[in-house]
Every structure is written in C-alpha cells, then in structure tokens.
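**Student:** Structure below; questions to follow.
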Amino acid sequence: MPSVQEPTLTLDPGAATATGTWQVHALALGNAMHTLTGQLNTLKDKAGIKWDLTGIDSMDHIGAQLLWNAWGKARPASLRLAPGQEEFFKRLEAAGKLELKAPRKQRLTSVMVLGFAMMQFFEHLRGMITLVGAVTQDMLRFARHPLRGPWREISANIFHAGPQALGITALVGFLIGVVLSYLSAQQLRNFGGDIYLVNLLGMSIIRELGPLLAAILVAGRSGSSITAQLGVMRVTEELDAMLVMGISHGFRLILPKVIALAVCMPLLVIWTDVMALIGGMVSANVELHLSPYYFIEKLPDAVPLANYMIGLGKGAVFGVLIALVACHFGLRIKPNTESLGRGTTTSVVTAITVVILADAVFAILFNGVGY
C-alpha cells in the first residue's frame with residue numbers, strides 16, 4: 001500500500017504550491033481539511049495567482065473538487081498539473097454549473113379549475129349514489145335471509161362505535177352543558193328570566209346540540225377509523241382477496257358499519273343529552289341557585305316530546321350518513337400510504353360537513369314542530 005503524505009498548500013506572494021496526497025482518506029486525517037479550507041478561502045478573491053500542482057503525488061475527485069471550488073469553478077489562468085490530473089478538471093469543467101429548469105407556467109384558468117372541481121364533485125356524488133344503491137340491495141338480502149347475515153360484524157362495529165365512545169361524549173357533553181348554562185345564566189339574570197334557563201337548555205341540547213355534538217365526535221372518531229380500516233385493507237390487498245374468494249365488500253364490510261352506526265347514534269344522542277343536561281343543571285345550581293329537583297321537574301314541561309323524537313331521528317340519520325361517507329372514501333383509497341392519510345382526512349371533513357348540512361335540512365323541515 002503506497003504511503004500517505006499529508007496534503008499541504010504553500011502560499012507565496014502570487015503563487016500557491018500544493019504537495020502531498022490529495023485524496024479523501026488523507027484529507028480526513030487530523031485537521032488537514034480544516035487547515036486547507038482556511039488557506040483556500042484566503043485565495044478566493046485574489047486573481048493572477050500561479051498554481052502549481054505538480055507536487056501532488058496522488059489525487060481523487062474530492063481533492064480536485066476542493067481546489068475547483070476555491071477557483072470559483074473555473075480554471076485559473078496559470079496552472080501547472082502533474083500527469084493524470086488533467087482528467088479530473090476536464091470532468092469538472094464538463095459538468096458545469098447546475099441549472100434548474102424554469103417551472104412550467106400554469107395553463108389552467110380559473111374557469112378550468114372550477115370545471116375540474118365540479119367534475120370531481122359529480123364523480124363523488126355518482127359514487128355515493130352507487131354505494132347507497134348497493135347498501136339498499138344488501139339490506140334487502142339481509143332481510144330475506146337474516147340468519148345468514150353478518151351478525152358478528154354488526155356486533156363488533158356496535159361495540160367499537162358505541163360503548164367505546166361513551167367516555168369522550170360524556171366529557172364533551174358535560175362541559176358543553178356547563179358552558180352553555182353559565183353563559184345563558186349571565187344574560188337571563190339581566191332580564192329577570194332565571195326560571196327560563198331550563199327551557200333554553202332543554203330545547204337547545206335535546207333538539208340541536210346533543211345530536212350534532214354526538215355526530216361530530218363520532219365522525220371524527222368512528223368515521224376516521226372506518227376509512228383507515230378500509231384503506232389499510234386496500235393497501236394490504238385484503239379487499240382483492242375477498243373478491244377472489246367471492247365475499248361481497250358491501251355485505252360483509254359496509255352494511256355492518258351502516259347498521260351499527262344507525263343503532264349506536266340514537267343511543268349516543270341520549271347519553272350526550274343526559275350528560276349535557278347534568279352539566280347545565282350543576283352550573284345552574286351554582287350560578288342561579290336553581291335546585292336539581294326544580295330542574296328535573298320543569299324539564300318535561302319545557303321540552304315537548306316531539307323535540308326528543310326529532311333528536312333521536314337526527315341521530316339515526318347522522319349515523320347512516322357518517323358510515324356511508326367513511327366507507328365511500330375508504331373504498332377509494334389507493335394502495336399507498338399517502339393516499340391513506342389524505343383519504344382519512346377528507347373523509348372526516350366531508351362527514352362533518354354532511355352532518356351539518358343534514359342538520360340544516362332537519363331545521364327547515366321541522367321548523368314548526370315541537371314548539
């Protein structure tokens with residue numbers, strides 16, 4: 001193995017002489033790289049320097065690149081090279097400076113962008129209508145042969161979407177009840193309407209806030225879980241394996257989730273209503289000194305039964321919508337992780353938006369009911 005000599009650079013007035021081994025293993029020894037870099041930096045702004053590299057016994061691309069950078073990526077006017085060094089600098093000259101291509105101009109106008117967005121919307125709408133039709137057919141098949149239905153899948157989805165969501169819905173519902181009661185009490189006290197706090201809390205929570213709050217929590221929790229589950233099955237090719245074995249995606253995957261959320265959501269609405277009313281009752285007792293007995297006694301008279309039934313109906317409809325949206329985006333996920341993350345996010349946002357739109361439709365349809 002040839003001996004390794006320390007790379008050195010001798011600086012004289014108007015001249016620079018390099019000697020030793022200018023290879024990566026020699027440059028990495030001790031402080032050689034730091035010393036040479038400092039010396040070369042002092043020569044960057046000086047022109048007319050005579051460079052003598054004939055004293056270098058061996059060189060590689062790393063050593064040549066170190067000198068090339070010090071020359072400003074251009075060969076100096078006065079340069080002496082040893083045999084075999086010319087090839088390194090010819091390659092560096094041929095490489096030249098890295099030039100990035102100018103970005104292509106966006107040719108899509110605002111009208112074209114709007115058109116593509118509308119096409120994508122109608123594509124999703126068509127896919128959703130197709131999914132609803134498939135679920136309806138599976139429901140009829142399930143009704144004709146109930147003993148051969150996906151009972152285990154339905155039970156598992158009910159457990160994941162219902163009992164496991166009781167904690168978060170109870171906490172959020174209780175806190176919303178406390179906040180709403182506290183803020184309402186501050187305003188009602190100014191007008192001497194303390195006794196109407198029960199009416200305000202009962203109507204707002206049972207008719208609107210309870211179903212909507214439960215639906216948003218389920219959309220973020222169970223909706224994302226459904227989309228991610230179907231997406232992972234797409235990535236791992238389990239969906240393709242089910243088709244090969246003749247197992248229907250709709251009957252074994254989608255229908256159980258739709259039925260489970262349709263069953264769980266009204267129950268979660270009742271649970272959320274109760275916890276929100278308890279929170280409001282506690283806050284009313286602290287802020288307005290309304291006894292819990294008065295609150296419970298006044299609530300049935302303040303809230304007609306129709307509002308309670310509307311809230312339960314909203315819960316069932318919201319559950320079906322969340323399941324359909326989650327399954328729709330889950331089945332559209334491509335077999336890669338980027339599509340999985342983007343599809344799950346889009347599913348949650350779309351489900352919450354659809355729930356709010358459905359709540360607005362309920363408000364219009366039942367405008368004169370329950371008062």
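Ligands are numbered from 1 in the order shown, residues from 1 within each chain, and chains are lettered A, B, ... in the order they appear in the structure tokens.
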In segment 190-347 of chain A, what's alpha helix (DSSP H) per DSSP? Answer as a ChimeraX atom specification?
**Tutor:** /A:190,197-203,210-218,224-235,238-244,249,255-287,292-302,305-331,337-347
**Student:** Could you write out the selected residues, including C-alpha atoms, as a CSV table (one decimal), in the first residue's frame?
**Tutor:**
chain,number,residue,atom,x,y,z
A,190,ASN,CA,-80.1,40.8,33.5
A,197,LEU,CA,-82.9,28.6,31.8
A,198,VAL,CA,-84.4,25.1,31.9
A,199,ASN,CA,-86.4,25.9,28.7
A,200,LEU,CA,-83.3,27.2,26.9
A,201,LEU,CA,-81.0,24.4,27.9
A,202,GLY,CA,-83.7,21.7,27.2
A,203,MET,CA,-84.6,22.9,23.8
A,210,GLY,CA,-76.9,16.8,21.6
A,211,PRO,CA,-77.4,15.1,18.2
A,212,LEU,CA,-75.0,17.5,16.4
A,213,LEU,CA,-72.3,17.2,19.1
A,214,ALA,CA,-72.5,13.4,19.2
A,215,ALA,CA,-72.4,13.2,15.4
A,216,ILE,CA,-69.3,15.4,15.1
A,217,LEU,CA,-67.5,13.3,17.7
A,218,VAL,CA,-68.5,10.0,16.1
A,224,SER,CA,-61.8,8.1,10.5
A,225,SER,CA,-61.5,4.6,11.9
A,226,ILE,CA,-63.7,3.1,9.2
A,227,THR,CA,-61.9,4.9,6.4
A,228,ALA,CA,-58.5,3.9,7.8
A,229,GLN,CA,-59.6,0.3,8.2
A,230,LEU,CA,-60.8,0.0,4.6
A,231,GLY,CA,-57.8,1.9,3.4
A,232,VAL,CA,-55.4,-0.5,5.1
A,233,MET,CA,-57.3,-3.4,3.7
A,234,ARG,CA,-56.8,-1.8,0.2
A,235,VAL,CA,-53.0,-1.3,0.9
A,238,GLU,CA,-57.3,-7.8,1.6
A,239,LEU,CA,-60.1,-6.3,-0.4
A,240,ASP,CA,-58.8,-8.0,-3.6
A,241,ALA,CA,-58.5,-11.3,-1.7
A,242,MET,CA,-62.2,-11.0,-0.6
A,243,LEU,CA,-63.3,-10.6,-4.2
A,244,VAL,CA,-61.2,-13.6,-5.2
A,249,HIS,CA,-67.5,-6.0,0.2
A,255,LEU,CA,-73.6,-3.0,5.7
A,256,PRO,CA,-72.5,-3.9,9.2
A,257,LYS,CA,-70.9,-0.5,9.7
A,258,VAL,CA,-74.1,1.3,8.5
A,259,ILE,CA,-76.4,-0.7,10.7
A,260,ALA,CA,-74.0,-0.3,13.7
A,261,LEU,CA,-73.9,3.5,13.5
A,262,ALA,CA,-77.6,3.7,12.8
A,263,VAL,CA,-78.2,1.7,16.1
A,264,CYS,CA,-75.5,3.4,18.1
A,265,MET,CA,-76.1,7.1,17.2
A,266,PRO,CA,-79.5,7.4,18.8
A,267,LEU,CA,-78.2,5.8,22.0
A,268,LEU,CA,-75.2,8.1,22.0
A,269,VAL,CA,-77.5,11.1,21.4
A,270,ILE,CA,-79.5,10.1,24.6
A,271,TRP,CA,-76.2,9.7,26.5
A,272,THR,CA,-74.9,13.0,25.3
A,273,ASP,CA,-78.2,14.8,26.1
A,274,VAL,CA,-78.2,13.4,29.6
A,275,MET,CA,-74.6,14.4,30.4
A,276,ALA,CA,-75.1,17.9,28.9
A,277,LEU,CA,-78.2,18.4,30.9
A,278,ILE,CA,-76.4,17.3,34.1
A,279,GLY,CA,-73.7,19.8,33.3
A,280,GLY,CA,-76.2,22.5,32.8
A,281,MET,CA,-78.1,21.6,36.0
A,282,VAL,CA,-74.9,21.7,38.0
A,283,SER,CA,-73.9,25.1,36.6
A,284,ALA,CA,-77.5,26.4,37.1
A,285,ASN,CA,-77.4,25.3,40.7
A,286,VAL,CA,-74.1,27.1,41.3
A,287,GLU,CA,-74.8,30.3,39.3
A,292,PRO,CA,-81.8,20.0,40.8
A,293,TYR,CA,-85.3,19.0,41.8
A,294,TYR,CA,-86.8,22.0,40.2
A,295,PHE,CA,-84.7,21.5,37.1
A,296,ILE,CA,-85.8,17.9,36.7
A,297,GLU,CA,-89.4,18.7,37.4
A,298,LYS,CA,-89.5,21.6,34.9
A,299,LEU,CA,-87.7,19.9,32.1
A,300,PRO,CA,-90.7,17.7,30.8
A,301,ASP,CA,-93.0,20.7,30.6
A,302,ALA,CA,-90.3,22.9,28.9
A,305,LEU,CA,-91.8,15.1,23.4
A,306,ALA,CA,-91.6,15.9,19.6
A,307,ASN,CA,-88.2,17.5,20.2
A,308,TYR,CA,-86.9,14.4,21.8
A,309,MET,CA,-88.1,12.3,18.8
A,310,ILE,CA,-86.5,14.7,16.4
A,311,GLY,CA,-83.2,14.4,18.2
A,312,LEU,CA,-83.3,10.6,18.0
A,313,GLY,CA,-84.3,10.7,14.3
A,314,LYS,CA,-81.4,13.0,13.7
A,315,GLY,CA,-79.0,10.6,15.4
A,316,ALA,CA,-80.0,7.7,13.2
A,317,VAL,CA,-79.8,9.7,10.0
A,318,PHE,CA,-76.4,11.2,11.0
A,319,GLY,CA,-75.1,7.7,11.8
A,320,VAL,CA,-76.0,6.4,8.4
A,321,LEU,CA,-74.5,9.4,6.7
A,322,ILE,CA,-71.2,9.1,8.6
A,323,ALA,CA,-70.9,5.4,7.8
A,324,LEU,CA,-71.7,5.9,4.1
A,325,VAL,CA,-69.2,8.8,3.7
A,326,ALA,CA,-66.5,6.9,5.6
A,327,CYS,CA,-67.0,3.8,3.5
A,328,HIS,CA,-67.1,5.8,0.3
A,329,PHE,CA,-63.7,7.4,0.9
A,330,GLY,CA,-62.3,4.2,2.4
A,331,LEU,CA,-63.0,2.2,-0.8
A,337,THR,CA,-49.7,5.4,2.4
A,338,GLU,CA,-50.0,9.0,1.1
A,339,SER,CA,-53.5,8.2,-0.3
A,340,LEU,CA,-54.4,6.6,3.0
A,341,GLY,CA,-53.7,9.7,5.1
A,342,ARG,CA,-55.3,12.1,2.6
A,343,GLY,CA,-58.4,10.0,2.2
A,344,THR,CA,-58.9,9.7,6.0
A,345,THR,CA,-58.6,13.5,6.4
A,346,THR,CA,-61.0,14.1,3.6
A,347,SER,CA,-63.4,11.6,5.0
**Student:** Pick from A:Asp359, A:Asp138, A:Arg332, A:Leu92: nearest to Ile62 of chain A, with only C-alpha atoms counted?
**Tutor:**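 Residue with the minimum atom-to-atom distance to Ile62 of chain A: A:Leu92.
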**Student:** Excluding segment 6-14 of chain A and its own-chain neighbours fewer than 2 positions away, which residues fall within 8 Å of it when counting only C-alpha atoms? Please give them as a PyMOL selection string.
**Tutor:** chain A and resi 4+16-22+26-27+32+36+39+48-50
**Student:** May I have the residues from that selection written out with N, CA, C and O atoms, as an mmCIF file, in the first residue's frame?
**Tutor:**
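Done, and the output landed in result-v4.cif:
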data_model
loop_
_atom_site.group_PDB
_atom_site.id
_atom_site.type_symbol
_atom_site.label_atom_id
_atom_site.label_comp_id
_atom_site.auth_asym_id
_atom_site.auth_seq_id
_atom_site.Cartn_x
_atom_site.Cartn_y
_atom_site.Cartn_z
ATOM 1 N N VAL A 4 0.996 7.465 2.616
ATOM 2 C CA VAL A 4 0.115 8.629 2.551
ATOM 3 C C VAL A 4 0.868 9.822 3.114
ATOM 4 O O VAL A 4 1.298 9.810 4.268
ATOM 5 N N ALA A 16 0.852 29.617 -5.414
ATOM 6 C CA ALA A 16 0.358 28.619 -4.468
ATOM 7 C C ALA A 16 0.812 27.258 -4.953
ATOM 8 O O ALA A 16 0.601 26.894 -6.120
ATOM 9 N N THR A 17 1.456 26.505 -4.067
ATOM 10 C CA THR A 17 2.005 25.196 -4.432
ATOM 11 C C THR A 17 1.378 24.135 -3.544
ATOM 12 O O THR A 17 1.407 24.249 -2.304
ATOM 13 N N ALA A 18 0.822 23.107 -4.167
ATOM 14 C CA ALA A 18 0.178 22.011 -3.446
ATOM 15 C C ALA A 18 1.060 20.783 -3.518
ATOM 16 O O ALA A 18 1.585 20.442 -4.597
ATOM 17 N N THR A 19 1.227 20.114 -2.393
ATOM 18 C CA THR A 19 2.039 18.898 -2.332
ATOM 19 C C THR A 19 1.314 17.867 -1.475
ATOM 20 O O THR A 19 0.336 18.155 -0.787
ATOM 21 N N GLY A 20 1.831 16.637 -1.509
ATOM 22 C CA GLY A 20 1.285 15.582 -0.674
ATOM 23 C C GLY A 20 0.186 14.796 -1.385
ATOM 24 O O GLY A 20 0.051 14.805 -2.612
ATOM 25 N N THR A 21 -0.607 14.109 -0.584
ATOM 26 C CA THR A 21 -1.690 13.258 -1.091
ATOM 27 C C THR A 21 -3.026 13.975 -0.915
ATOM 28 O O THR A 21 -3.478 14.191 0.214
ATOM 29 N N TRP A 22 -3.664 14.303 -2.046
ATOM 30 C CA TRP A 22 -4.945 14.999 -2.018
ATOM 31 C C TRP A 22 -6.071 14.000 -2.326
ATOM 32 O O TRP A 22 -6.776 14.109 -3.326
ATOM 33 N N ALA A 26 -6.634 10.947 3.053
ATOM 34 C CA ALA A 26 -5.584 11.809 3.582
ATOM 35 C C ALA A 26 -6.169 13.131 4.084
ATOM 36 O O ALA A 26 -5.718 13.688 5.097
ATOM 37 N N LEU A 27 -7.179 13.628 3.387
ATOM 38 C CA LEU A 27 -7.806 14.871 3.821
ATOM 39 C C LEU A 27 -8.545 14.707 5.145
ATOM 40 O O LEU A 27 -8.755 15.688 5.882
ATOM 41 N N ALA A 32 -6.360 18.320 8.600
ATOM 42 C CA ALA A 32 -5.910 18.646 7.250
ATOM 43 C C ALA A 32 -6.985 19.393 6.475
ATOM 44 O O ALA A 32 -6.724 20.429 5.843
ATOM 45 N N LEU A 36 -6.585 23.274 5.145
ATOM 46 C CA LEU A 36 -6.590 23.576 3.712
ATOM 47 C C LEU A 36 -7.764 24.467 3.332
ATOM 48 O O LEU A 36 -7.623 25.368 2.499
ATOM 49 N N GLN A 39 -6.918 28.023 4.201
ATOM 50 C CA GLN A 39 -5.953 28.603 3.271
ATOM 51 C C GLN A 39 -6.592 28.928 1.922
ATOM 52 O O GLN A 39 -6.330 29.982 1.332
ATOM 53 N N GLY A 48 -4.869 36.161 -10.652
ATOM 54 C CA GLY A 48 -3.496 36.138 -11.150
ATOM 55 C C GLY A 48 -2.553 35.270 -10.358
ATOM 56 O O GLY A 48 -1.328 35.403 -10.496
ATOM 57 N N ILE A 49 -3.052 34.397 -9.516
ATOM 58 C CA ILE A 49 -2.195 33.515 -8.728
ATOM 59 C C ILE A 49 -1.732 32.345 -9.606
ATOM 60 O O ILE A 49 -2.528 31.757 -10.351
ATOM 61 N N LYS A 50 -0.472 32.013 -9.511
ATOM 62 C CA LYS A 50 0.084 30.876 -10.253
ATOM 63 C C LYS A 50 -0.041 29.620 -9.395
ATOM 64 O O LYS A 50 0.497 29.568 -8.285
#
**Student:** Atom CA of Gly192 of chain A to atom CA of Val303 of chain A: how many Å, to one decimal?
**Tutor:** 20.8 Å
